[in-house]
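Structure data (CSV, C-alpha atoms) from start.csv:
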chain,number,residue,atom,x,y,z
O,1,MET,CA,-21.3,0.9,35.1
O,2,ASP,CA,-18.8,-1.7,33.9
O,3,ILE,CA,-20.7,-2.6,30.7
O,4,PRO,CA,-20.3,0.8,29.0
O,5,PHE,CA,-16.5,0.8,29.9
O,6,TYR,CA,-15.9,-2.6,28.3
O,7,LEU,CA,-18.2,-1.6,25.4
O,8,LEU,CA,-16.1,1.5,24.7
O,9,MET,CA,-12.9,-0.4,25.0
O,10,GLY,CA,-14.2,-3.0,22.5
O,11,ILE,CA,-15.2,-0.3,20.1
O,12,LEU,CA,-11.9,1.5,20.5
O,13,PHE,CA,-10.0,-1.8,19.9
O,14,ILE,CA,-12.0,-2.6,16.8
O,15,GLY,CA,-11.5,0.9,15.5
O,16,ILE,CA,-7.7,0.7,15.9
O,17,PHE,CA,-7.6,-2.7,14.4
O,18,THR,CA,-9.6,-1.6,11.4
O,19,PHE,CA,-7.4,1.5,10.9
O,20,GLY,CA,-4.3,-0.7,11.0
O,21,LEU,CA,-5.7,-3.0,8.3
O,22,TYR,CA,-6.7,0.0,6.2
O,23,GLU,CA,-3.2,1.5,6.5
O,24,THR,CA,-1.5,-1.8,5.6
O,25,LYS,CA,-3.7,-2.3,2.6
O,26,LYS,CA,-2.9,1.3,1.4
O,27,LYS,CA,0.9,0.8,1.9
O,28,ASN,CA,0.7,-2.4,-0.2
O,29,GLU,CA,-1.2,-0.7,-3.0
O,30,VAL,CA,1.5,2.1,-3.0
O,31,LYS,CA,4.3,-0.5,-3.2
O,32,LEU,CA,2.5,-2.3,-6.0
O,33,GLU,CA,2.2,1.0,-7.9
O,34,GLU,CA,5.8,1.8,-7.4
O,35,ILE,CA,6.8,-1.7,-8.7
O,36,LYS,CA,4.6,-1.2,-11.7
O,37,LEU,CA,6.1,2.2,-12.5
O,38,GLU,CA,9.6,0.9,-12.1
O,39,ARG,CA,8.9,-1.9,-14.5
O,40,GLU,CA,7.5,0.6,-17.0
O,41,LYS,CA,10.6,2.7,-16.6
O,42,ILE,CA,12.9,-0.3,-17.3
O,43,ALA,CA,10.9,-1.2,-20.3
O,44,LEU,CA,11.1,2.3,-21.7
O,45,GLU,CA,14.9,2.4,-21.0
O,46,GLN,CA,15.3,-0.9,-22.9
O,47,LYS,CA,13.3,0.4,-25.9
O,48,ARG,CA,15.5,3.6,-25.9
O,49,VAL,CA,18.7,1.5,-25.9
O,50,GLU,CA,17.4,-0.8,-28.7
O,51,ASN,CA,16.4,2.3,-30.8
O,52,GLU,CA,19.9,3.7,-30.3
O,53,ARG,CA,21.5,0.5,-31.5
O,54,GLU,CA,19.5,0.6,-34.8
structure tokens encoding of this file:
Amino acid sequence: MDIPFYLLMGILFIGIFTFGLYETKKKNEVKLEEIKLEREKIALEQKRVENERE
């Protein structure tokens, strides 16, 4: 009876660990996208300022 218990605990642990890795990866992708959008926003703002100077 002990083997199924440890097997279930192992599967549960692997599932939680995999979910944690997935969530971390997703958060990193969202942060990278936010940084990319912020850079584009700054570039557009700089272009607008340069066009106003001309």
- [ ] Between atom CA of O:Glu54 and atom CA of O:Lys36, measure the distance and give it in Å to one decimal.
- [x] 27.5 Å
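As for atom CA of O:Lys25 and atom CA of O:Met9, they are spaced 24.3 Å apart.
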TODO: To one decimal in Å, tell me the separation between atom CA of O:Ile42 and atom CA of O:Thr24.
DONE: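 Atom-to-atom, atom CA of O:Ile42 and atom CA of O:Thr24 are spaced 27.1 Å apart.
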